[in-house]
>>> print(open('entry.pdb').read())   # PDB, C-alpha atoms and all ligand atoms
ATOM      1  CA  ALA X   1       0.000   0.000   0.000
ATOM      2  CA  LYS X   2       1.196   3.505  -0.742
ATOM      3  CA  ALA X   3       0.698   6.471   1.493
ATOM      4  CA  ALA X   4      -1.053   9.230  -0.429
ATOM      5  CA  GLY X   5      -1.246  11.980   2.155
ATOM      6  CA  GLY X   6      -3.789  12.702   4.875
ATOM      7  CA  ASN X   7      -5.735   9.629   5.770
ATOM      8  CA  GLN X   8      -6.159   8.820   2.099
ATOM      9  CA  TYR X   9      -4.279   5.857   0.843
ATOM     10  CA  VAL X  10      -4.116   3.684  -2.185
ATOM     11  CA  ARG X  11      -4.214   0.029  -1.407
ATOM     12  CA  ALA X  12      -2.210  -2.191  -3.707
ATOM     13  CA  ASP X  13      -4.062  -5.339  -4.617
ATOM     14  CA  ALA X  14      -3.566  -8.356  -2.408
ATOM     15  CA  ASP X  15      -1.818 -10.421  -5.107
ATOM     16  CA  SER X  16       0.924  -7.965  -5.910
ATOM     17  CA  ASP X  17       1.465  -7.227  -2.235
ATOM     18  CA  ALA X  18       1.782 -10.922  -1.527
ATOM     19  CA  ARG X  19       4.557 -11.077  -4.088
ATOM     20  CA  VAL X  20       6.404  -8.134  -2.609
ATOM     21  CA  ILE X  21       5.953  -8.790   1.050
ATOM     22  CA  ALA X  22       7.179 -12.050   2.450
ATOM     23  CA  ARG X  23       4.236 -13.540   4.246
ATOM     24  CA  HIS X  24       6.353 -14.844   7.070
ATOM     25  CA  SER X  25       7.786 -11.435   7.843
ATOM     26  CA  LEU X  26       4.244 -10.073   8.186
ATOM     27  CA  THR X  27       3.241 -13.037  10.285
ATOM     28  CA  ASN X  28       6.235 -12.603  12.572
ATOM     29  CA  ARG X  29       5.461  -8.961  13.085
ATOM     30  CA  LEU X  30       1.794  -9.446  13.966
ATOM     31  CA  PRO X  31       2.183  -9.877  17.751
ATOM     32  CA  SER X  32       4.409  -6.833  18.164
ATOM     33  CA  ALA X  33       2.120  -4.858  15.855
ATOM     34  CA  LEU X  34      -0.694  -5.415  18.332
ATOM     35  CA  GLU X  35       1.529  -4.406  21.247
ATOM     36  CA  ASN X  36       2.796  -1.340  19.388
ATOM     37  CA  GLY X  37      -0.671  -0.113  18.521
ATOM     38  CA  GLU X  38      -0.199  -0.423  14.748
ATOM     39  CA  PHE X  39      -3.791  -1.543  14.147
ATOM     40  CA  PHE X  40      -6.589   0.937  13.702
ATOM     41  CA  ILE X  41     -10.240   0.733  12.851
ATOM     42  CA  GLU X  42     -12.249   2.449  10.161
ATOM     43  CA  TYR X  43     -16.006   2.630  10.450
ATOM     44  CA  GLN X  44     -18.449   2.398   7.580
ATOM     45  CA  PRO X  45     -21.966   3.737   8.202
ATOM     46  CA  LEU X  46     -25.066   1.559   8.081
ATOM     47  CA  VAL X  47     -28.074   3.423   6.782
ATOM     48  CA  ARG X  48     -31.772   2.645   7.187
ATOM     49  CA  LEU X  49     -33.175   2.567   3.653
ATOM     50  CA  ALA X  50     -36.703   3.688   4.564
ATOM     51  CA  ASP X  51     -35.607   7.149   5.705
ATOM     52  CA  GLY X  52     -31.854   7.387   5.110
ATOM     53  CA  SER X  53     -31.038   7.630   8.821
ATOM     54  CA  VAL X  54     -27.640   6.459  10.062
ATOM     55  CA  ARG X  55     -28.083   3.497  12.379
ATOM     56  CA  GLY X  56     -24.488   2.673  13.192
ATOM     57  CA  ALA X  57     -21.349   1.437  11.513
ATOM     58  CA  GLU X  58     -19.275  -1.636  10.802
ATOM     59  CA  ALA X  59     -15.802  -1.762  12.337
ATOM     60  CA  LEU X  60     -13.177  -2.674   9.723
ATOM     61  CA  VAL X  61      -9.635  -3.234  10.955
ATOM     62  CA  ARG X  62      -6.483  -1.972   9.179
ATOM     63  CA  TRP X  63      -2.780  -2.325   9.924
ATOM     64  CA  LEU X  64      -0.549   0.717   9.606
ATOM     65  CA  HIS X  65       2.638  -1.180   8.863
ATOM     66  CA  PRO X  66       5.775   0.909   9.498
ATOM     67  CA  VAL X  67       7.276  -0.103   6.136
ATOM     68  CA  HIS X  68       4.424  -1.145   3.864
ATOM     69  CA  GLY X  69       1.874   1.471   4.888
ATOM     70  CA  VAL X  70      -1.790   0.657   5.370
ATOM     71  CA  LEU X  71      -2.644  -3.002   4.868
ATOM     72  CA  GLY X  72      -6.243  -4.158   4.470
ATOM     73  CA  PRO X  73      -7.744  -7.017   6.472
ATOM     74  CA  ASP X  74      -7.587  -9.405   3.517
ATOM     75  CA  GLN X  75      -3.801  -9.112   3.736
ATOM     76  CA  PHE X  76      -3.375  -9.987   7.404
ATOM     77  CA  ILE X  77      -6.550 -11.513   8.880
ATOM     78  CA  PRO X  78      -5.798 -14.902   7.268
ATOM     79  CA  LEU X  79      -2.292 -14.776   8.801
ATOM     80  CA  ALA X  80      -3.711 -13.815  12.180
ATOM     81  CA  GLU X  81      -6.140 -16.719  11.912
ATOM     82  CA  GLN X  82      -3.346 -19.192  11.126
ATOM     83  CA  THR X  83      -1.271 -18.076  14.089
ATOM     84  CA  GLY X  84      -4.080 -17.666  16.603
ATOM     85  CA  LEU X  85      -3.344 -13.959  16.994
ATOM     86  CA  ILE X  86      -6.861 -13.337  15.739
ATOM     87  CA  VAL X  87      -8.185 -14.019  19.231
ATOM     88  CA  PRO X  88      -6.368 -11.140  20.993
ATOM     89  CA  LEU X  89      -6.656  -8.963  17.861
ATOM     90  CA  GLY X  90     -10.385  -9.663  17.625
ATOM     91  CA  ARG X  91     -10.798  -8.864  21.317
ATOM     92  CA  TRP X  92      -8.984  -5.567  20.766
ATOM     93  CA  VAL X  93     -11.276  -4.690  17.832
ATOM     94  CA  LEU X  94     -14.327  -5.512  19.943
ATOM     95  CA  GLN X  95     -13.043  -3.377  22.815
ATOM     96  CA  GLU X  96     -12.296  -0.394  20.594
ATOM     97  CA  ALA X  97     -15.600  -0.689  18.745
ATOM     98  CA  ALA X  98     -17.588  -0.947  21.978
ATOM     99  CA  ARG X  99     -15.916   2.173  23.383
ATOM    100  CA  GLN X 100     -16.566   3.962  20.137
ATOM    101  CA  ALA X 101     -20.247   3.002  20.097
ATOM    102  CA  TYR X 102     -20.579   4.269  23.670
ATOM    103  CA  THR X 103     -19.046   7.589  22.605
ATOM    104  CA  TRP X 104     -21.298   7.950  19.537
ATOM    105  CA  ARG X 105     -24.410   7.294  21.568
ATOM    106  CA  LYS X 106     -23.360   9.688  24.280
ATOM    107  CA  GLU X 107     -22.270  12.493  21.992
ATOM    108  CA  THR X 108     -25.219  12.321  19.597
ATOM    109  CA  GLY X 109     -27.839  11.353  22.195
ATOM    110  CA  ASP X 110     -29.042   8.784  19.660
ATOM    111  CA  PRO X 111     -29.673   5.448  21.407
ATOM    112  CA  ARG X 112     -30.275   3.666  18.092
ATOM    113  CA  LEU X 113     -26.629   3.824  17.019
ATOM    114  CA  ARG X 114     -24.969   0.427  16.978
ATOM    115  CA  VAL X 115     -21.631  -1.031  16.033
ATOM    116  CA  ASN X 116     -21.023  -4.145  13.934
ATOM    117  CA  VAL X 117     -17.928  -6.253  14.585
ATOM    118  CA  ASN X 118     -16.669  -9.149  12.448
ATOM    119  CA  LEU X 119     -15.941 -12.451  14.162
ATOM    120  CA  SER X 120     -13.545 -14.934  12.636
ATOM    121  CA  PRO X 121     -14.104 -18.701  12.884
ATOM    122  CA  CYS X 122     -11.311 -19.059  15.483
ATOM    123  CA  GLN X 123     -13.112 -16.612  17.740
ATOM    124  CA  LEU X 124     -16.341 -18.570  17.339
ATOM    125  CA  THR X 125     -14.737 -21.740  18.653
ATOM    126  CA  HIS X 126     -12.662 -19.981  21.313
ATOM    127  CA  LYS X 127     -13.834 -20.855  24.826
ATOM    128  CA  GLY X 128     -13.713 -17.290  26.106
ATOM    129  CA  LEU X 129     -16.022 -15.721  23.510
ATOM    130  CA  VAL X 130     -19.081 -15.204  25.698
ATOM    131  CA  ALA X 131     -17.192 -14.141  28.833
ATOM    132  CA  ASP X 132     -14.881 -11.821  26.858
ATOM    133  CA  THR X 133     -17.776 -10.189  25.051
ATOM    134  CA  VAL X 134     -19.764  -9.679  28.238
ATOM    135  CA  ALA X 135     -16.677  -8.221  29.940
ATOM    136  CA  VAL X 136     -16.043  -5.837  27.048
ATOM    137  CA  LEU X 137     -19.662  -4.645  27.063
ATOM    138  CA  GLU X 138     -19.611  -4.065  30.808
ATOM    139  CA  GLU X 139     -16.299  -2.268  30.705
ATOM    140  CA  ALA X 140     -17.551   0.005  27.926
ATOM    141  CA  ASP X 141     -20.909   0.468  29.657
ATOM    142  CA  LEU X 142     -22.584  -0.517  26.391
ATOM    143  CA  CYS X 143     -25.883  -2.384  26.290
ATOM    144  CA  PRO X 144     -25.782  -5.709  24.384
ATOM    145  CA  SER X 145     -28.321  -4.534  21.808
ATOM    146  CA  ALA X 146     -25.873  -1.843  20.679
ATOM    147  CA  LEU X 147     -23.558  -4.580  19.422
ATOM    148  CA  CYS X 148     -23.981  -6.668  16.293
ATOM    149  CA  LEU X 149     -21.568  -9.543  15.704
ATOM    150  CA  GLU X 150     -21.102 -10.566  12.068
ATOM    151  CA  VAL X 151     -20.332 -14.187  11.295
ATOM    152  CA  THR X 152     -20.125 -15.595   7.809
ATOM    153  CA  GLU X 153     -22.492 -18.146   6.483
ATOM    154  CA  ASN X 154     -19.604 -20.491   5.702
ATOM    155  CA  ASP X 155     -18.373 -20.446   9.283
ATOM    156  CA  LEU X 156     -21.735 -21.656  10.537
ATOM    157  CA  ILE X 157     -22.425 -24.321   7.946
ATOM    158  CA  GLY X 158     -22.273 -27.656   9.644
ATOM    159  CA  ALA X 159     -22.199 -26.114  13.111
ATOM    160  CA  ASP X 160     -24.125 -28.326  15.509
ATOM    161  CA  GLU X 161     -26.030 -27.170  18.569
ATOM    162  CA  ASP X 162     -22.886 -27.297  20.765
ATOM    163  CA  ALA X 163     -20.954 -25.131  18.343
ATOM    164  CA  LEU X 164     -23.831 -22.654  18.160
ATOM    165  CA  ARG X 165     -24.294 -22.396  21.927
ATOM    166  CA  PRO X 166     -21.967 -19.401  22.508
ATOM    167  CA  LEU X 167     -23.705 -17.415  19.766
ATOM    168  CA  ARG X 168     -27.082 -18.379  21.131
ATOM    169  CA  GLN X 169     -26.028 -17.232  24.610
ATOM    170  CA  LEU X 170     -24.930 -13.896  23.207
ATOM    171  CA  ALA X 171     -28.163 -13.580  21.232
ATOM    172  CA  ASP X 172     -30.143 -14.346  24.401
ATOM    173  CA  LEU X 173     -28.283 -11.526  26.142
ATOM    174  CA  GLY X 174     -29.517  -9.189  23.423
ATOM    175  CA  VAL X 175     -26.505  -9.058  21.112
ATOM    176  CA  ASP X 176     -27.582  -8.955  17.478
ATOM    177  CA  ILE X 177     -26.045 -11.624  15.257
ATOM    178  CA  ALA X 178     -25.767 -11.024  11.506
ATOM    179  CA  LEU X 179     -25.046 -13.629   8.866
ATOM    180  CA  ASP X 180     -22.365 -11.990   6.726
ATOM    181  CA  ASP X 181     -21.727 -12.599   3.011
ATOM    182  CA  PHE X 182     -25.103 -14.265   2.831
ATOM    183  CA  GLY X 183     -25.677 -16.135  -0.397
ATOM    184  CA  THR X 184     -22.019 -16.916  -1.118
ATOM    185  CA  GLY X 185     -21.920 -20.139   0.853
ATOM    186  CA  TYR X 186     -23.705 -23.377   0.456
ATOM    187  CA  SER X 187     -27.157 -22.034   1.144
ATOM    188  CA  ASN X 188     -29.321 -24.716   2.557
ATOM    189  CA  LEU X 189     -32.018 -22.276   3.496
ATOM    190  CA  SER X 190     -33.731 -24.559   5.972
ATOM    191  CA  TYR X 191     -30.738 -24.237   8.304
ATOM    192  CA  LEU X 192     -31.487 -20.543   8.745
ATOM    193  CA  ARG X 193     -34.307 -21.396  11.097
ATOM    194  CA  ARG X 194     -32.061 -22.950  13.699
ATOM    195  CA  LEU X 195     -29.398 -20.237  13.724
ATOM    196  CA  PRO X 196     -29.501 -17.528  16.413
ATOM    197  CA  VAL X 197     -29.266 -14.764  13.804
ATOM    198  CA  SER X 198     -31.444 -11.701  13.445
ATOM    199  CA  THR X 199     -29.993 -10.142  10.292
ATOM    200  CA  LEU X 200     -28.916 -11.366   6.862
ATOM    201  CA  LYS X 201     -26.141  -9.360   5.239
ATOM    202  CA  LEU X 202     -26.626  -9.986   1.575
ATOM    203  CA  ASP X 203     -23.348 -10.296  -0.296
ATOM    204  CA  ARG X 204     -22.685  -7.522  -2.759
ATOM    205  CA  SER X 205     -22.505  -9.910  -5.698
ATOM    206  CA  PHE X 206     -26.332  -9.945  -5.661
ATOM    207  CA  THR X 207     -26.750  -6.205  -5.874
ATOM    208  CA  ARG X 208     -24.035  -5.382  -8.409
ATOM    209  CA  GLY X 209     -26.514  -5.867 -11.248
ATOM    210  CA  MET X 210     -28.658  -3.033  -9.870
ATOM    211  CA  GLN X 211     -26.052  -0.272  -9.959
ATOM    212  CA  ARG X 212     -27.536   1.205 -13.121
ATOM    213  CA  ALA X 213     -30.967   1.048 -14.717
ATOM    214  CA  PRO X 214     -32.166  -1.230 -16.130
ATOM    215  CA  ALA X 215     -31.428  -3.589 -13.268
ATOM    216  CA  ASP X 216     -30.468  -7.174 -13.994
ATOM    217  CA  PRO X 217     -33.843  -8.942 -13.821
ATOM    218  CA  VAL X 218     -32.373 -12.136 -12.377
ATOM    219  CA  ASP X 219     -30.655 -10.254  -9.540
ATOM    220  CA  VAL X 220     -33.923  -8.455  -8.835
ATOM    221  CA  LYS X 221     -35.778 -11.765  -8.558
ATOM    222  CA  ILE X 222     -33.114 -13.246  -6.289
ATOM    223  CA  VAL X 223     -33.096 -10.262  -3.929
ATOM    224  CA  GLU X 224     -36.900 -10.229  -3.928
ATOM    225  CA  GLY X 225     -36.912 -13.892  -2.952
ATOM    226  CA  ILE X 226     -34.312 -13.482  -0.217
ATOM    227  CA  VAL X 227     -36.069 -10.464   1.287
ATOM    228  CA  SER X 228     -39.375 -12.281   1.359
ATOM    229  CA  LEU X 229     -37.802 -15.380   2.909
ATOM    230  CA  ALA X 230     -35.899 -13.292   5.474
ATOM    231  CA  HIS X 231     -38.944 -11.306   6.501
ATOM    232  CA  THR X 232     -40.984 -14.495   6.794
ATOM    233  CA  LEU X 233     -38.355 -15.735   9.243
ATOM    234  CA  ASP X 234     -38.388 -12.372  11.037
ATOM    235  CA  LEU X 235     -34.884 -11.504   9.885
ATOM    236  CA  ALA X 236     -33.759  -8.055   8.800
ATOM    237  CA  VAL X 237     -31.895  -7.668   5.494
ATOM    238  CA  THR X 238     -28.774  -5.528   5.156
ATOM    239  CA  VAL X 239     -27.301  -4.984   1.698
ATOM    240  CA  GLU X 240     -23.598  -4.450   1.193
ATOM    241  CA  GLY X 241     -21.699  -2.714  -1.568
ATOM    242  CA  VAL X 242     -24.307  -0.090  -2.443
ATOM    243  CA  GLU X 243     -22.420   2.208  -4.795
ATOM    244  CA  THR X 244     -25.116   4.232  -6.608
ATOM    245  CA  GLY X 245     -28.340   6.062  -5.825
ATOM    246  CA  VAL X 246     -30.192   4.004  -8.434
ATOM    247  CA  GLN X 247     -29.135   0.872  -6.587
ATOM    248  CA  ALA X 248     -30.131   2.266  -3.186
ATOM    249  CA  GLU X 249     -33.574   3.244  -4.431
ATOM    250  CA  HIS X 250     -34.129  -0.122  -6.061
ATOM    251  CA  LEU X 251     -33.099  -1.984  -2.899
ATOM    252  CA  ARG X 252     -35.366   0.220  -0.815
ATOM    253  CA  LEU X 253     -38.298  -0.617  -3.098
ATOM    254  CA  LEU X 254     -37.443  -4.308  -2.819
ATOM    255  CA  GLY X 255     -37.907  -4.006   0.942
ATOM    256  CA  CYS X 256     -34.299  -4.272   2.125
ATOM    257  CA  ASP X 257     -33.943  -2.754   5.582
ATOM    258  CA  THR X 258     -30.409  -1.412   5.880
ATOM    259  CA  ALA X 259     -27.648  -0.548   3.439
ATOM    260  CA  GLN X 260     -23.913  -0.056   3.509
ATOM    261  CA  GLY X 261     -21.618   1.066   0.736
ATOM    262  CA  TRP X 262     -19.594   3.746  -0.986
ATOM    263  CA  TYR X 263     -22.756   5.566  -2.082
ATOM    264  CA  TYR X 264     -23.247   6.566   1.548
ATOM    265  CA  ALA X 265     -19.659   6.591   2.741
ATOM    266  CA  ARG X 266     -16.380   4.754   2.464
ATOM    267  CA  PRO X 267     -14.936   3.333   5.666
ATOM    268  CA  GLY X 268     -13.445   6.232   7.622
ATOM    269  CA  PRO X 269     -12.411   7.586  11.003
ATOM    270  CA  PRO X 270     -14.846   7.206  13.913
ATOM    271  CA  GLU X 271     -15.417  10.954  14.276
ATOM    272  CA  ARG X 272     -17.138  11.013  10.898
ATOM    273  CA  LEU X 273     -20.053   8.992  12.209
ATOM    274  CA  HIS X 274     -20.873  11.746  14.729
ATOM    275  CA  THR X 275     -21.123  14.215  11.887
ATOM    276  CA  LEU X 276     -23.286  11.956   9.747
ATOM    277  CA  ALA X 277     -25.551  10.915  12.621
ATOM    278  CA  LEU X 278     -25.938  14.473  13.864
ATOM    279  CA  ALA X 279     -26.631  15.787  10.368
ATOM    280  CA  ASP X 280     -29.457  13.348   9.944
ATOM    281  CA  ALA X 281     -30.949  13.923  13.390
ATOM    282  CA  SER X 282     -31.399  17.628  12.686
TER
HETATM  283  P1  LIG X 301     -16.816  -7.748   4.931
HETATM  284  O1  LIG X 301     -17.181  -8.010   6.345
HETATM  285  O2  LIG X 301     -17.670  -8.345   3.860
HETATM  286  O3  LIG X 301     -16.699  -6.168   4.807
HETATM  287  C1  LIG X 301     -17.134  -5.433   3.713
HETATM  288  C2  LIG X 301     -15.990  -5.074   2.785
HETATM  289  O4  LIG X 301     -16.537  -4.416   1.638
HETATM  290  C3  LIG X 301     -15.008  -4.097   3.419
HETATM  291  O5  LIG X 301     -13.713  -4.404   2.907
HETATM  292  C4  LIG X 301     -15.493  -2.752   2.863
HETATM  293  O6  LIG X 301     -14.488  -1.764   2.836
HETATM  294  C5  LIG X 301     -15.913  -3.145   1.462
HETATM  295  N1  LIG X 301     -16.924  -2.239   0.908
HETATM  296  C6  LIG X 301     -17.780  -1.446   1.597
HETATM  297  N2  LIG X 301     -18.609  -0.770   0.780
HETATM  298  C7  LIG X 301     -18.270  -1.119  -0.480
HETATM  299  C8  LIG X 301     -18.773  -0.738  -1.788
HETATM  300  O7  LIG X 301     -19.711   0.052  -1.944
HETATM  301  N3  LIG X 301     -18.193  -1.320  -2.870
HETATM  302  C9  LIG X 301     -17.170  -2.200  -2.737
HETATM  303  N4  LIG X 301     -16.638  -2.705  -3.851
HETATM  304  N5  LIG X 301     -16.658  -2.586  -1.526
HETATM  305  C10 LIG X 301     -17.205  -2.054  -0.398
HETATM  306  P2  LIG X 301     -12.435  -4.445   3.849
HETATM  307  O8  LIG X 301     -12.477  -3.320   4.829
HETATM  308  O9  LIG X 301     -11.244  -4.582   2.968
HETATM  309  O10 LIG X 301     -12.647  -5.780   4.673
HETATM  310  C11 LIG X 301     -12.522  -7.032   4.036
HETATM  311  C12 LIG X 301     -12.937  -8.157   4.960
HETATM  312  O11 LIG X 301     -12.037  -8.299   6.054
HETATM  313  C13 LIG X 301     -14.297  -7.938   5.600
HETATM  314  O12 LIG X 301     -15.306  -8.274   4.672
HETATM  315  C14 LIG X 301     -14.224  -8.866   6.777
HETATM  316  O13 LIG X 301     -14.567 -10.184   6.408
HETATM  317  C15 LIG X 301     -12.750  -8.831   7.134
HETATM  318  N6  LIG X 301     -12.535  -7.990   8.336
HETATM  319  C16 LIG X 301     -12.474  -6.658   8.452
HETATM  320  N7  LIG X 301     -12.285  -6.278   9.735
HETATM  321  C17 LIG X 301     -12.241  -7.429  10.452
HETATM  322  C18 LIG X 301     -12.069  -7.728  11.862
HETATM  323  O14 LIG X 301     -11.952  -6.855  12.734
HETATM  324  N8  LIG X 301     -12.067  -9.045  12.220
HETATM  325  C19 LIG X 301     -12.229 -10.044  11.289
HETATM  326  N9  LIG X 301     -12.219 -11.326  11.739
HETATM  327  N10 LIG X 301     -12.392  -9.814   9.983
HETATM  328  C20 LIG X 301     -12.393  -8.513   9.573
HETATM  329 CA    CA X 302     -18.728  -7.886   7.711
HETATM  330 CA    CA X 303     -19.816  -9.022   3.939
HETATM  331 CA    CA X 304     -16.334 -10.638   3.115
END
>>> encode(input="entry.pdb", output="structure tokens", more="lines below")
Ligand code: C2E
Ligand code: CA
Ligand code: CA
Ligand code: CA
Amino acid sequence: AKAAGGNQYVRADADSDARVIARHSLTNRLPSALENGEFFIEYQPLVRLADGSVRGAEALVRWLHPVHGVLGPDQFIPLAEQTGLIVPLGRWVLQEAARQAYTWRKETGDPRLRVNVNLSPCQLTHKGLVADTVAVLEEADLCPSALCLEVTENDLIGADEDALRPLRQLADLGVDIALDDFGTGYSNLSYLRRLPVSTLKLDRSFTRGMQRAPADPVDVKIVEGIVSLAHTLDLAVTVEGVETGVQAEHLRLLGCDTAQGWYYARPGPPERLHTLALADAS
């Protein structure tokens, strides 16, 4: 990645970076990077389609590498998963995000603002997940319903009741669970009923065909079907990767509940959410 001044940066694509940067040197540096505070979080707003109000943001982690500049999660999360560092890193992200959500709510006076945090499969199977999450929420003085944990469909496929128990406990406490990248996995839809999830995050591959009019009729049918299924099961639908106004309007008409994407805002510093949330409250 190349620094381009301010907090703007150009991210080189993962393939070329992988060629340039020895994976093992990145892997070796991960633990000290966490200790040295080299990770930071950008937040991307989540917008309610019905009225355009900001409802919160997803926390997306980045690594400000002293030599290579800003690295995206696709370049280091897999390494952190292989080495187990994802557990302390994930806990750090959760802690930061919870504090941030507390601050947003306090400073805007808007109790609807929530924060979404991604969970990796290692965190899902880690024994301390429930206790750690509860501790983080208490420490941040954040109510459980202000947190949404995102897990991918693929990570839950094949999970039996024992494997789902921690998520179910968190859901019972009031934490929202979202099924991320929905539609990209092996979608046996009947399994949705037994998952403790309250939101489907539709993968952006389904909404790409709606960026410009006329919308791809097949994509429209698929989204229509998913929204109707989700609402039947009492699940909310969030759409990712909304890049144009045409797309946003179409998805609103199709009944999607919440949207996220460059059309509204790119991931950015936490302070920006105050501005956006305050602007829409007034
Ligand atoms: P994701 O959870 O599916 O996150 C959405 C990705 O789409 C983000 O990429 C975001 O920057 C990008 N995006 C948002 N809006 C648009 C848009 O309108 N158009 C397009 N083309 N892309 C958009 P990012 O930040 O590079 O994150 C990549 C993945 O890394 C995430 O995918 C998530 O799976 C993972 N990740 C990020 N932060 C964390 C974390 O703290 N923990 C874990 N375990 N994984 C994380
Ligand atoms: Ca996500
Ligand atoms: Ca996603
Ligand atoms: Ca993804």
>>> closest_residue(input="entry.pdb", among="X:Glu35, X:Asp74, X:Asp180, X:Asp132", to="ligand CA 302 (chain X)", atoms="only C-alpha atoms and all ligand atoms")
X:Asp180
>>> resolve_selection(input="entry.pdb", expression="the PyMOL selection byres (((not hetatm)) within 8 of (chain X and resi 303))", output="mmCIF file with C-alpha atoms, in the coordinates of the input")
data_model
loop_
_atom_site.group_PDB
_atom_site.id
_atom_site.type_symbol
_atom_site.label_atom_id
_atom_site.label_comp_id
_atom_site.auth_asym_id
_atom_site.auth_seq_id
_atom_site.Cartn_x
_atom_site.Cartn_y
_atom_site.Cartn_z
ATOM 1 C CA THR X 152 -20.125 -15.595 7.809
ATOM 2 C CA ASP X 180 -22.365 -11.990 6.726
ATOM 3 C CA ASP X 181 -21.727 -12.599 3.011
ATOM 4 C CA PHE X 182 -25.103 -14.265 2.831
ATOM 5 C CA LYS X 201 -26.141 -9.360 5.239
ATOM 6 C CA LEU X 202 -26.626 -9.986 1.575
ATOM 7 C CA ASP X 203 -23.348 -10.296 -0.296
ATOM 8 C CA ARG X 204 -22.685 -7.522 -2.759
ATOM 9 C CA GLU X 240 -23.598 -4.450 1.193
#
>>> residues_near_ligand(input="entry.pdb", ligand="ligand CA 302 (chain X)", cutoff="9 Å", atoms="only C-alpha atoms and all ligand atoms", output="PyMOL selection string")
chain X and resi 58-60+116-119+149-152+178-181+201+240
>>> write_last_selection(input="entry.pdb", atoms="C-alpha atoms", output="short mmCIF file (atom, residue, chain, number, x, y, z; two decimals), keeping the file's coordinate frame")
data_model
loop_
_atom_site.label_atom_id
_atom_site.label_comp_id
_atom_site.auth_asym_id
_atom_site.auth_seq_id
_atom_site.Cartn_x
_atom_site.Cartn_y
_atom_site.Cartn_z
CA GLU X 58 -19.27 -1.64 10.80
CA ALA X 59 -15.80 -1.76 12.34
CA LEU X 60 -13.18 -2.67 9.72
CA ASN X 116 -21.02 -4.14 13.93
CA VAL X 117 -17.93 -6.25 14.58
CA ASN X 118 -16.67 -9.15 12.45
CA LEU X 119 -15.94 -12.45 14.16
CA LEU X 149 -21.57 -9.54 15.70
CA GLU X 150 -21.10 -10.57 12.07
CA VAL X 151 -20.33 -14.19 11.30
CA THR X 152 -20.12 -15.60 7.81
CA ALA X 178 -25.77 -11.02 11.51
CA LEU X 179 -25.05 -13.63 8.87
CA ASP X 180 -22.36 -11.99 6.73
CA ASP X 181 -21.73 -12.60 3.01
CA LYS X 201 -26.14 -9.36 5.24
CA GLU X 240 -23.60 -4.45 1.19
#
>>> closest_residue(input="entry.pdb", among="X:Glu153, X:Asp257, X:Asp160, X:Glu81", to="Gln123 of chain X", atoms="only C-alpha atoms")
X:Glu81
>>> residues_around(input="entry.pdb", residues="Ser145 of chain X", least_positions_apart="3", cutoff="9 Å", atoms="all atoms listed in the file", output="MDAnalysis selection string")
chainID X and resid 114 142 148 173:176
